[in-house]
>>> print(open('model-v9.pdb').read())   # PDB, C-alpha atoms
ATOM      1  CA  MET R   1     -37.186 -60.503 -87.382
ATOM      2  CA  LYS R   2     -35.301 -57.238 -87.800
ATOM      3  CA  SER R   3     -33.431 -56.285 -90.917
ATOM      4  CA  ASN R   4     -30.373 -54.085 -91.277
ATOM      5  CA  ASN R   5     -31.863 -52.550 -94.407
ATOM      6  CA  PRO R   6     -32.121 -48.800 -93.634
ATOM      7  CA  LEU R   7     -34.997 -48.438 -96.087
ATOM      8  CA  THR R   8     -37.104 -50.832 -94.050
ATOM      9  CA  TYR R   9     -36.020 -50.153 -90.485
ATOM     10  CA  PRO R  10     -34.988 -46.514 -90.239
ATOM     11  CA  ARG R  11     -33.273 -45.028 -87.223
ATOM     12  CA  VAL R  12     -35.742 -43.033 -85.196
ATOM     13  CA  LEU R  13     -33.145 -41.279 -83.027
ATOM     14  CA  SER R  14     -29.693 -42.466 -82.105
ATOM     15  CA  ARG R  15     -29.182 -43.086 -78.403
ATOM     16  CA  ARG R  16     -26.616 -40.277 -78.249
ATOM     17  CA  GLY R  17     -28.907 -37.878 -80.148
ATOM     18  CA  PHE R  18     -31.833 -38.720 -77.885
ATOM     19  CA  LEU R  19     -29.761 -38.280 -74.727
ATOM     20  CA  LYS R  20     -28.360 -34.966 -75.959
ATOM     21  CA  ALA R  21     -31.810 -33.619 -76.873
ATOM     22  CA  SER R  22     -33.239 -34.913 -73.578
ATOM     23  CA  ALA R  23     -30.482 -33.237 -71.570
ATOM     24  CA  VAL R  24     -31.124 -29.929 -73.324
ATOM     25  CA  ALA R  25     -34.854 -30.244 -72.720
ATOM     26  CA  LEU R  26     -34.472 -31.247 -69.071
ATOM     27  CA  ALA R  27     -32.026 -28.449 -68.407
ATOM     28  CA  ALA R  28     -34.545 -26.017 -69.820
ATOM     29  CA  GLY R  29     -37.464 -27.697 -68.025
ATOM     30  CA  LEU R  30     -39.247 -28.440 -71.300
ATOM     31  CA  SER R  31     -41.998 -30.923 -72.114
ATOM     32  CA  GLY R  32     -41.891 -33.819 -74.602
ATOM     33  CA  ARG R  33     -43.764 -31.618 -77.089
ATOM     34  CA  VAL R  34     -40.894 -29.122 -77.110
ATOM     35  CA  LEU R  35     -38.354 -31.961 -77.114
ATOM     36  CA  ALA R  36     -39.750 -32.962 -80.515
ATOM     37  CA  ALA R  37     -38.685 -29.585 -81.905
ATOM     38  CA  VAL R  38     -35.140 -29.654 -80.516
ATOM     39  CA  PRO R  39     -33.497 -31.257 -83.607
ATOM     40  CA  SER R  40     -35.254 -28.696 -85.839
ATOM     41  CA  ALA R  41     -34.008 -25.859 -83.690
ATOM     42  CA  LEU R  42     -30.409 -26.933 -84.208
ATOM     43  CA  THR R  43     -30.440 -26.417 -87.993
ATOM     44  CA  SER R  44     -29.689 -23.192 -89.872
ATOM     45  CA  GLU R  45     -32.488 -23.757 -92.353
ATOM     46  CA  ARG R  46     -35.486 -26.035 -92.538
ATOM     47  CA  LYS R  47     -36.678 -27.622 -95.763
ATOM     48  CA  LEU R  48     -39.594 -29.857 -96.560
ATOM     49  CA  ALA R  49     -40.332 -31.876 -99.662
ATOM     50  CA  PHE R  50     -43.859 -32.882-100.616
ATOM     51  CA  TYR R  51     -45.591 -34.807-103.387
ATOM     52  CA  ASN R  52     -49.365 -34.330-103.625
ATOM     53  CA  ILE R  53     -50.737 -37.696-104.763
ATOM     54  CA  HIS R  54     -53.978 -36.108-106.029
ATOM     55  CA  THR R  55     -52.553 -33.288-108.151
ATOM     56  CA  GLY R  56     -49.115 -34.703-109.025
ATOM     57  CA  GLU R  57     -47.470 -31.499-107.789
ATOM     58  CA  LYS R  58     -44.040 -31.600-106.148
ATOM     59  CA  LEU R  59     -42.414 -29.068-103.864
ATOM     60  CA  ASN R  60     -39.039 -28.813-102.174
ATOM     61  CA  ALA R  61     -39.110 -25.616-100.119
ATOM     62  CA  VAL R  62     -37.037 -23.857 -97.517
ATOM     63  CA  TYR R  63     -39.718 -22.613 -95.140
ATOM     64  CA  TRP R  64     -37.421 -21.346 -92.367
ATOM     65  CA  ALA R  65     -33.980 -19.703 -92.636
ATOM     66  CA  ASP R  66     -31.948 -16.959 -91.008
ATOM     67  CA  GLY R  67     -33.967 -17.312 -87.807
ATOM     68  CA  ALA R  68     -37.371 -16.703 -89.427
ATOM     69  CA  TYR R  69     -40.129 -18.381 -91.380
ATOM     70  CA  GLN R  70     -39.812 -17.638 -95.093
ATOM     71  CA  ALA R  71     -42.908 -16.216 -96.818
ATOM     72  CA  ASP R  72     -42.089 -17.690-100.247
ATOM     73  CA  GLY R  73     -41.523 -21.163 -98.820
ATOM     74  CA  LEU R  74     -44.675 -21.027 -96.723
ATOM     75  CA  THR R  75     -46.743 -19.828 -99.676
ATOM     76  CA  GLY R  76     -45.567 -22.813-101.719
ATOM     77  CA  VAL R  77     -46.406 -25.204 -98.891
ATOM     78  CA  TYR R  78     -49.880 -23.683 -98.454
ATOM     79  CA  LYS R  79     -50.571 -24.060-102.167
ATOM     80  CA  LEU R  80     -49.409 -27.674-102.360
ATOM     81  CA  LEU R  81     -51.323 -28.664 -99.204
ATOM     82  CA  ARG R  82     -54.538 -26.939-100.362
ATOM     83  CA  ASP R  83     -57.893 -28.698-100.435
ATOM     84  CA  TYR R  84     -57.530 -30.339-103.844
ATOM     85  CA  ARG R  85     -61.295 -30.869-104.104
ATOM     86  CA  SER R  86     -62.293 -27.209-103.703
ATOM     87  CA  GLY R  87     -59.005 -25.467-104.503
ATOM     88  CA  ASP R  88     -59.185 -23.552-101.206
ATOM     89  CA  VAL R  89     -55.786 -22.545 -99.839
ATOM     90  CA  SER R  90     -55.207 -21.917 -96.147
ATOM     91  CA  PRO R  91     -52.191 -21.340 -93.919
ATOM     92  CA  ILE R  92     -50.623 -24.438 -92.393
ATOM     93  CA  ASN R  93     -49.477 -24.197 -88.790
ATOM     94  CA  THR R  94     -45.708 -23.725 -88.602
ATOM     95  CA  GLY R  95     -45.592 -26.091 -85.618
ATOM     96  CA  LEU R  96     -46.887 -28.842 -87.926
ATOM     97  CA  LEU R  97     -44.199 -28.002 -90.474
ATOM     98  CA  ASP R  98     -41.522 -28.115 -87.776
ATOM     99  CA  LEU R  99     -42.864 -31.467 -86.588
ATOM    100  CA  LEU R 100     -42.689 -32.819 -90.157
ATOM    101  CA  HIS R 101     -39.137 -31.491 -90.485
ATOM    102  CA  THR R 102     -38.149 -33.334 -87.303
ATOM    103  CA  LEU R 103     -40.005 -36.465 -88.440
ATOM    104  CA  SER R 104     -38.151 -36.450 -91.756
ATOM    105  CA  ALA R 105     -34.819 -36.164 -89.924
ATOM    106  CA  SER R 106     -35.728 -38.931 -87.487
ATOM    107  CA  LEU R 107     -36.631 -41.197 -90.418
ATOM    108  CA  ASP R 108     -33.252 -40.352 -91.972
ATOM    109  CA  THR R 109     -34.751 -39.701 -95.396
ATOM    110  CA  ASN R 110     -34.704 -37.066 -98.101
ATOM    111  CA  GLU R 111     -37.786 -38.541 -99.776
ATOM    112  CA  PRO R 112     -40.773 -36.214-100.075
ATOM    113  CA  PHE R 113     -43.789 -36.723 -97.876
ATOM    114  CA  HIS R 114     -46.557 -38.143-100.031
ATOM    115  CA  VAL R 115     -49.599 -36.085 -99.085
ATOM    116  CA  ILE R 116     -52.956 -37.800 -98.882
ATOM    117  CA  SER R 117     -54.704 -34.914 -97.136
ATOM    118  CA  GLY R 118     -53.467 -31.521 -95.987
ATOM    119  CA  TYR R 119     -55.843 -28.606 -95.510
ATOM    120  CA  ARG R 120     -59.565 -29.397 -95.788
ATOM    121  CA  SER R 121     -62.239 -26.775 -96.300
ATOM    122  CA  PRO R 122     -65.292 -26.989 -94.022
ATOM    123  CA  ALA R 123     -67.409 -28.113 -97.003
ATOM    124  CA  THR R 124     -64.991 -30.909 -97.927
ATOM    125  CA  ASN R 125     -64.701 -32.038 -94.317
ATOM    126  CA  ALA R 126     -68.505 -32.118 -93.926
ATOM    127  CA  MET R 127     -68.825 -34.177 -97.117
ATOM    128  CA  LEU R 128     -66.144 -36.646 -95.929
ATOM    129  CA  ALA R 129     -67.670 -36.904 -92.438
ATOM    130  CA  GLU R 130     -71.043 -37.704 -94.005
ATOM    131  CA  LYS R 131     -69.669 -40.297 -96.460
ATOM    132  CA  ARG R 132     -67.023 -42.014 -94.323
ATOM    133  CA  GLY R 133     -66.661 -43.093 -90.754
ATOM    134  CA  GLY R 134     -63.761 -41.819 -88.716
ATOM    135  CA  VAL R 135     -63.729 -38.227 -90.019
ATOM    136  CA  ALA R 136     -64.112 -35.722 -87.192
ATOM    137  CA  LYS R 137     -66.816 -33.098 -87.684
ATOM    138  CA  HIS R 138     -64.263 -30.431 -86.804
ATOM    139  CA  SER R 139     -61.081 -32.038 -88.057
ATOM    140  CA  LEU R 140     -57.742 -30.408 -87.298
ATOM    141  CA  HIS R 141     -57.193 -30.513 -91.081
ATOM    142  CA  MET R 142     -59.655 -27.585 -91.263
ATOM    143  CA  ASP R 143     -57.336 -25.477 -89.104
ATOM    144  CA  GLY R 144     -54.105 -26.395 -90.921
ATOM    145  CA  LEU R 145     -53.004 -28.426 -87.899
ATOM    146  CA  ALA R 146     -53.012 -31.928 -89.456
ATOM    147  CA  ILE R 147     -51.719 -33.884 -92.423
ATOM    148  CA  ASP R 148     -52.094 -37.453 -93.703
ATOM    149  CA  ILE R 149     -48.862 -38.821 -95.182
ATOM    150  CA  ARG R 150     -46.744 -41.745 -96.231
ATOM    151  CA  VAL R 151     -43.014 -41.805 -96.928
ATOM    152  CA  PRO R 152     -41.510 -43.741 -99.849
ATOM    153  CA  GLY R 153     -38.931 -46.299 -98.729
ATOM    154  CA  ARG R 154     -40.230 -46.331 -95.152
ATOM    155  CA  GLU R 155     -42.682 -48.890 -93.849
ATOM    156  CA  LEU R 156     -45.864 -47.264 -92.601
ATOM    157  CA  ALA R 157     -45.491 -48.849 -89.151
ATOM    158  CA  TYR R 158     -42.095 -47.180 -88.755
ATOM    159  CA  VAL R 159     -43.406 -43.800 -89.842
ATOM    160  CA  ARG R 160     -46.049 -44.216 -87.144
ATOM    161  CA  ARG R 161     -43.491 -45.282 -84.539
ATOM    162  CA  ALA R 162     -41.230 -42.321 -85.362
ATOM    163  CA  ALA R 163     -44.174 -39.887 -85.144
ATOM    164  CA  LEU R 164     -45.228 -41.335 -81.793
ATOM    165  CA  ALA R 165     -41.662 -41.041 -80.453
ATOM    166  CA  LEU R 166     -41.714 -37.289 -81.148
ATOM    167  CA  ALA R 167     -44.782 -36.781 -78.922
ATOM    168  CA  GLY R 168     -45.675 -33.662 -80.908
ATOM    169  CA  GLY R 169     -49.423 -34.253 -81.127
ATOM    170  CA  GLY R 170     -51.867 -36.835 -82.414
ATOM    171  CA  VAL R 171     -50.849 -39.830 -84.513
ATOM    172  CA  GLY R 172     -53.392 -41.960 -86.356
ATOM    173  CA  TYR R 173     -52.439 -45.211 -88.066
ATOM    174  CA  TYR R 174     -54.390 -46.285 -91.156
ATOM    175  CA  PRO R 175     -52.590 -49.296 -92.651
ATOM    176  CA  THR R 176     -55.558 -50.306 -94.827
ATOM    177  CA  SER R 177     -55.616 -46.852 -96.452
ATOM    178  CA  ASP R 178     -51.780 -46.673 -96.390
ATOM    179  CA  PHE R 179     -51.223 -43.441 -94.466
ATOM    180  CA  VAL R 180     -50.319 -42.003 -91.088
ATOM    181  CA  HIS R 181     -52.168 -38.977 -89.710
ATOM    182  CA  VAL R 182     -49.965 -36.465 -87.866
ATOM    183  CA  ASP R 183     -51.256 -33.371 -86.089
ATOM    184  CA  VAL R 184     -50.166 -30.800 -83.521
ATOM    185  CA  GLY R 185     -53.237 -31.129 -81.332
ATOM    186  CA  ARG R 186     -53.059 -32.845 -77.967
ATOM    187  CA  VAL R 187     -50.801 -35.906 -77.721
ATOM    188  CA  ARG R 188     -52.849 -39.040 -78.422
ATOM    189  CA  GLN R 189     -52.878 -42.055 -80.731
ATOM    190  CA  TRP R 190     -55.360 -44.258 -82.516
TER     191      TRP R 190
END
>>> encode(input="model-v9.pdb", output="structure tokens")
Amino acid sequence: MKSNNPLTYPRVLSRRGFLKASAVALAAGLSGRVLAAVPSALTSERKLAFYNIHTGEKLNAVYWADGAYQADGLTGVYKLLRDYRSGDVSPINTGLLDLLHTLSASLDTNEPFHVISGYRSPATNAMLAEKRGGVAKHSLHMDGLAIDIRVPGRELAYVRRAALALAGGGVGYYPTSDFVHVDVGRVRQW
């Protein structure tokens, strides 16, 4: 049974918004991957908010403004999404940040993404792959192309559905561990 509670059943994209973005994409001959970035492209600045569940750090950063990525904002994002086990910091792909920006808008929320895993060093990834099943030996986390998240006030299944609707890359659903994996690799789901 569906509820009208916006905190439980968020709007992924309005019909009008989807049709408008689709028309723009079709007119330009663009793929679904580029369609996911259309709402982000229409804003004058792009912000992301994060809460790292392991370190307790919070960040609300403008990472793109005035037609360019902002070094200060990106530096803050890289630091917050670092490998919390090793302390290693690495750049995060701006396509992933744009996808998260679009995902946040499609979920109609200002809540920060709760980060379970951002960047992973090769050593951390090898340790996780050895200890746990389901960790790729060369995870996209190691290249700054993936993030594991949850969103306060949004059911995990709806975060997954919204991410899948964007068709911006891979989406993994881990309800037992309470997170959704989002990456900008090839479009796939598990």
>>> axis_aligned_box(input="model-v9.pdb", around="range 137-146 of chain R", padding_each_side="5 Å", output="lines of an AutoDock Vina configuration file")
center_x = -59.9
center_y = -29.3
center_z = -89.0
size_x = 23.8
size_y = 17.6
size_z = 14.5
>>> closest_residue(input="model-v9.pdb", among="R:Val180, R:Val187, R:Tyr119, R:Tyr84", to="Gly56 in chain R", atoms="only C-alpha atoms")
R:Tyr84
>>> resolve_selection(input="model-v9.pdb", expression="the PyMOL selection byres ((chain R and resi 141) around 8)", output="PyMOL selection string")
chain R and resi 117-120+139-140+142-147
>>> write_last_selection(input="model-v9.pdb", atoms="C-alpha atoms", output="JSON list (two decimals), in the coordinates of the input")
[["chain", "number", "residue", "atom", "x", "y", "z"],
["R", 117, "SER", "CA", -54.70, -34.91, -97.14],
["R", 118, "GLY", "CA", -53.47, -31.52, -95.99],
["R", 119, "TYR", "CA", -55.84, -28.61, -95.51],
["R", 120, "ARG", "CA", -59.56, -29.40, -95.79],
["R", 139, "SER", "CA", -61.08, -32.04, -88.06],
["R", 140, "LEU", "CA", -57.74, -30.41, -87.30],
["R", 142, "MET", "CA", -59.66, -27.58, -91.26],
["R", 143, "ASP", "CA", -57.34, -25.48, -89.10],
["R", 144, "GLY", "CA", -54.10, -26.40, -90.92],
["R", 145, "LEU", "CA", -53.00, -28.43, -87.90],
["R", 146, "ALA", "CA", -53.01, -31.93, -89.46],
["R", 147, "ILE", "CA", -51.72, -33.88, -92.42]]
>>> atom_distance(input="model-v9.pdb", atom1="CA of Tyr174 in chain R", atom2="CA of Leu59 in chain R")
24.5 Å
>>> closest_residue(input="model-v9.pdb", among="R:Arg160, R:His138, R:His181, R:Lys47", to="Pro112 in chain R", atoms="all atoms listed in the file")
R:Lys47
>>> atom_distance(input="model-v9.pdb", atom1="CA of Thr109 in chain R", atom2="CA of Gly87 in chain R")
29.6 Å
>>> resolve_selection(input="model-v9.pdb", expression="the PyMOL selection byres ((chain R and resi 55) around 12)", output="PyMOL selection string")
chain R and resi 50-54+56-59+79-85+87+114-117
>>> closest_residue(input="model-v9.pdb", among="R:Asp72, R:Asp88, R:Asp183, R:Asp66", to="Thr124 in chain R", atoms="all atoms listed in the file")
R:Asp88
>>> atom_distance(input="model-v9.pdb", atom1="CA of Arg188 in chain R", atom2="CA of Pro152 in chain R")
24.7 Å
>>> resolve_selection(input="model-v9.pdb", expression="the PyMOL selection byres ((chain R and resi 163-170) around 7)", output="JSON, numbers by chain")
{"R": [32, 33, 36, 99, 103, 159, 160, 161, 162, 171, 172, 182, 183, 184, 185, 186, 187, 188, 189]}
>>> residues_around(input="model-v9.pdb", residues="Ala65 in chain R", least_positions_apart="5", cutoff="10 Å", atoms="all atoms listed in the file", output="number ranges by chain")
R: 43-47, 70, 73
>>> closest_residue(input="model-v9.pdb", among="R:Ala61, R:Val89, R:Ala129, R:Leu48", to="Thr102 in chain R", atoms="all atoms listed in the file")
R:Leu48
>>> closest_residue(input="model-v9.pdb", among="R:Leu107, R:Val77, R:Leu96, R:Ala71", to="Tyr158 in chain R", atoms="all atoms listed in the file")
R:Leu107
>>> closest_residue(input="model-v9.pdb", among="R:Ser121, R:Asn60, R:Leu74, R:Asp108", to="Gly153 in chain R", atoms="only C-alpha atoms")
R:Asp108
>>> build_atoms(input="model-v9.pdb", residues="range 78-113 of chain R", atoms="N, CA and C atoms", output="tab-separated table (two decimals), in the frame of the given file")
chain	number	residue	atom	x	y	z
R	78	TYR	N	-48.43	-23.88	-98.55
R	78	TYR	CA	-49.88	-23.68	-98.45
R	78	TYR	C	-50.57	-24.10	-99.75
R	79	LYS	N	-49.96	-23.73	-100.87
R	79	LYS	CA	-50.57	-24.06	-102.17
R	79	LYS	C	-50.58	-25.57	-102.40
R	80	LEU	N	-49.47	-26.23	-102.12
R	80	LEU	CA	-49.41	-27.67	-102.36
R	80	LEU	C	-50.34	-28.44	-101.42
R	81	LEU	N	-50.49	-27.97	-100.18
R	81	LEU	CA	-51.32	-28.66	-99.20
R	81	LEU	C	-52.78	-28.20	-99.22
R	82	ARG	N	-53.17	-27.45	-100.26
R	82	ARG	CA	-54.54	-26.94	-100.36
R	82	ARG	C	-55.55	-28.09	-100.44
R	83	ASP	N	-56.80	-27.75	-100.25
R	83	ASP	CA	-57.89	-28.70	-100.44
R	83	ASP	C	-58.00	-28.94	-101.94
R	84	TYR	N	-57.56	-30.09	-102.39
R	84	TYR	CA	-57.53	-30.34	-103.84
R	84	TYR	C	-58.94	-30.48	-104.42
R	85	ARG	N	-59.93	-30.75	-103.60
R	85	ARG	CA	-61.30	-30.87	-104.10
R	85	ARG	C	-61.90	-29.51	-104.42
R	86	SER	N	-61.68	-28.53	-103.53
R	86	SER	CA	-62.29	-27.21	-103.70
R	86	SER	C	-61.32	-26.17	-104.26
R	87	GLY	N	-60.02	-26.44	-104.10
R	87	GLY	CA	-59.00	-25.47	-104.50
R	87	GLY	C	-58.71	-24.43	-103.43
R	88	ASP	N	-59.41	-24.51	-102.29
R	88	ASP	CA	-59.18	-23.55	-101.21
R	88	ASP	C	-57.79	-23.72	-100.61
R	89	VAL	N	-57.12	-22.58	-100.43
R	89	VAL	CA	-55.79	-22.54	-99.84
R	89	VAL	C	-55.91	-21.91	-98.46
R	90	SER	N	-55.18	-22.45	-97.50
R	90	SER	CA	-55.21	-21.92	-96.15
R	90	SER	C	-53.83	-22.05	-95.53
R	91	PRO	N	-53.48	-21.18	-94.60
R	91	PRO	CA	-52.19	-21.34	-93.92
R	91	PRO	C	-52.11	-22.67	-93.18
R	92	ILE	N	-50.91	-23.22	-93.14
R	92	ILE	CA	-50.62	-24.44	-92.39
R	92	ILE	C	-49.80	-24.02	-91.18
R	93	ASN	N	-50.14	-24.54	-90.04
R	93	ASN	CA	-49.48	-24.20	-88.79
R	93	ASN	C	-47.98	-24.50	-88.88
R	94	THR	N	-47.16	-23.53	-88.52
R	94	THR	CA	-45.71	-23.72	-88.60
R	94	THR	C	-45.21	-24.80	-87.62
R	95	GLY	N	-45.94	-25.00	-86.53
R	95	GLY	CA	-45.59	-26.09	-85.62
R	95	GLY	C	-45.72	-27.44	-86.30
R	96	LEU	N	-46.73	-27.60	-87.16
R	96	LEU	CA	-46.89	-28.84	-87.93
R	96	LEU	C	-45.72	-29.01	-88.89
R	97	LEU	N	-45.33	-27.93	-89.54
R	97	LEU	CA	-44.20	-28.00	-90.47
R	97	LEU	C	-42.92	-28.36	-89.74
R	98	ASP	N	-42.70	-27.78	-88.57
R	98	ASP	CA	-41.52	-28.12	-87.78
R	98	ASP	C	-41.55	-29.57	-87.33
R	99	LEU	N	-42.73	-30.06	-86.97
R	99	LEU	CA	-42.86	-31.47	-86.59
R	99	LEU	C	-42.54	-32.37	-87.77
R	100	LEU	N	-43.01	-32.03	-88.96
R	100	LEU	CA	-42.69	-32.82	-90.16
R	100	LEU	C	-41.20	-32.78	-90.46
R	101	HIS	N	-40.58	-31.62	-90.27
R	101	HIS	CA	-39.14	-31.49	-90.48
R	101	HIS	C	-38.38	-32.44	-89.54
R	102	THR	N	-38.77	-32.46	-88.29
R	102	THR	CA	-38.15	-33.33	-87.30
R	102	THR	C	-38.44	-34.79	-87.63
R	103	LEU	N	-39.65	-35.10	-88.07
R	103	LEU	CA	-40.01	-36.47	-88.44
R	103	LEU	C	-39.15	-36.94	-89.61
R	104	SER	N	-38.98	-36.09	-90.60
R	104	SER	CA	-38.15	-36.45	-91.76
R	104	SER	C	-36.72	-36.76	-91.31
R	105	ALA	N	-36.18	-35.94	-90.42
R	105	ALA	CA	-34.82	-36.16	-89.92
R	105	ALA	C	-34.75	-37.46	-89.12
R	106	SER	N	-35.76	-37.72	-88.30
R	106	SER	CA	-35.73	-38.93	-87.49
R	106	SER	C	-35.88	-40.19	-88.33
R	107	LEU	N	-36.52	-40.08	-89.49
R	107	LEU	CA	-36.63	-41.20	-90.42
R	107	LEU	C	-35.39	-41.33	-91.31
R	108	ASP	N	-34.50	-40.36	-91.21
R	108	ASP	CA	-33.25	-40.35	-91.97
R	108	ASP	C	-33.53	-40.52	-93.47
R	109	THR	N	-34.38	-39.63	-93.99
R	109	THR	CA	-34.75	-39.70	-95.40
R	109	THR	C	-34.79	-38.32	-96.03
R	110	ASN	N	-34.53	-38.29	-97.32
R	110	ASN	CA	-34.70	-37.07	-98.10
R	110	ASN	C	-35.90	-37.21	-99.04
R	111	GLU	N	-36.61	-38.31	-98.93
R	111	GLU	CA	-37.79	-38.54	-99.78
R	111	GLU	C	-38.89	-37.55	-99.40
R	112	PRO	N	-39.67	-37.13	-100.39
R	112	PRO	CA	-40.77	-36.21	-100.08
R	112	PRO	C	-41.89	-36.93	-99.33
R	113	PHE	N	-42.58	-36.18	-98.49
R	113	PHE	CA	-43.79	-36.72	-97.88
R	113	PHE	C	-44.83	-36.83	-98.98
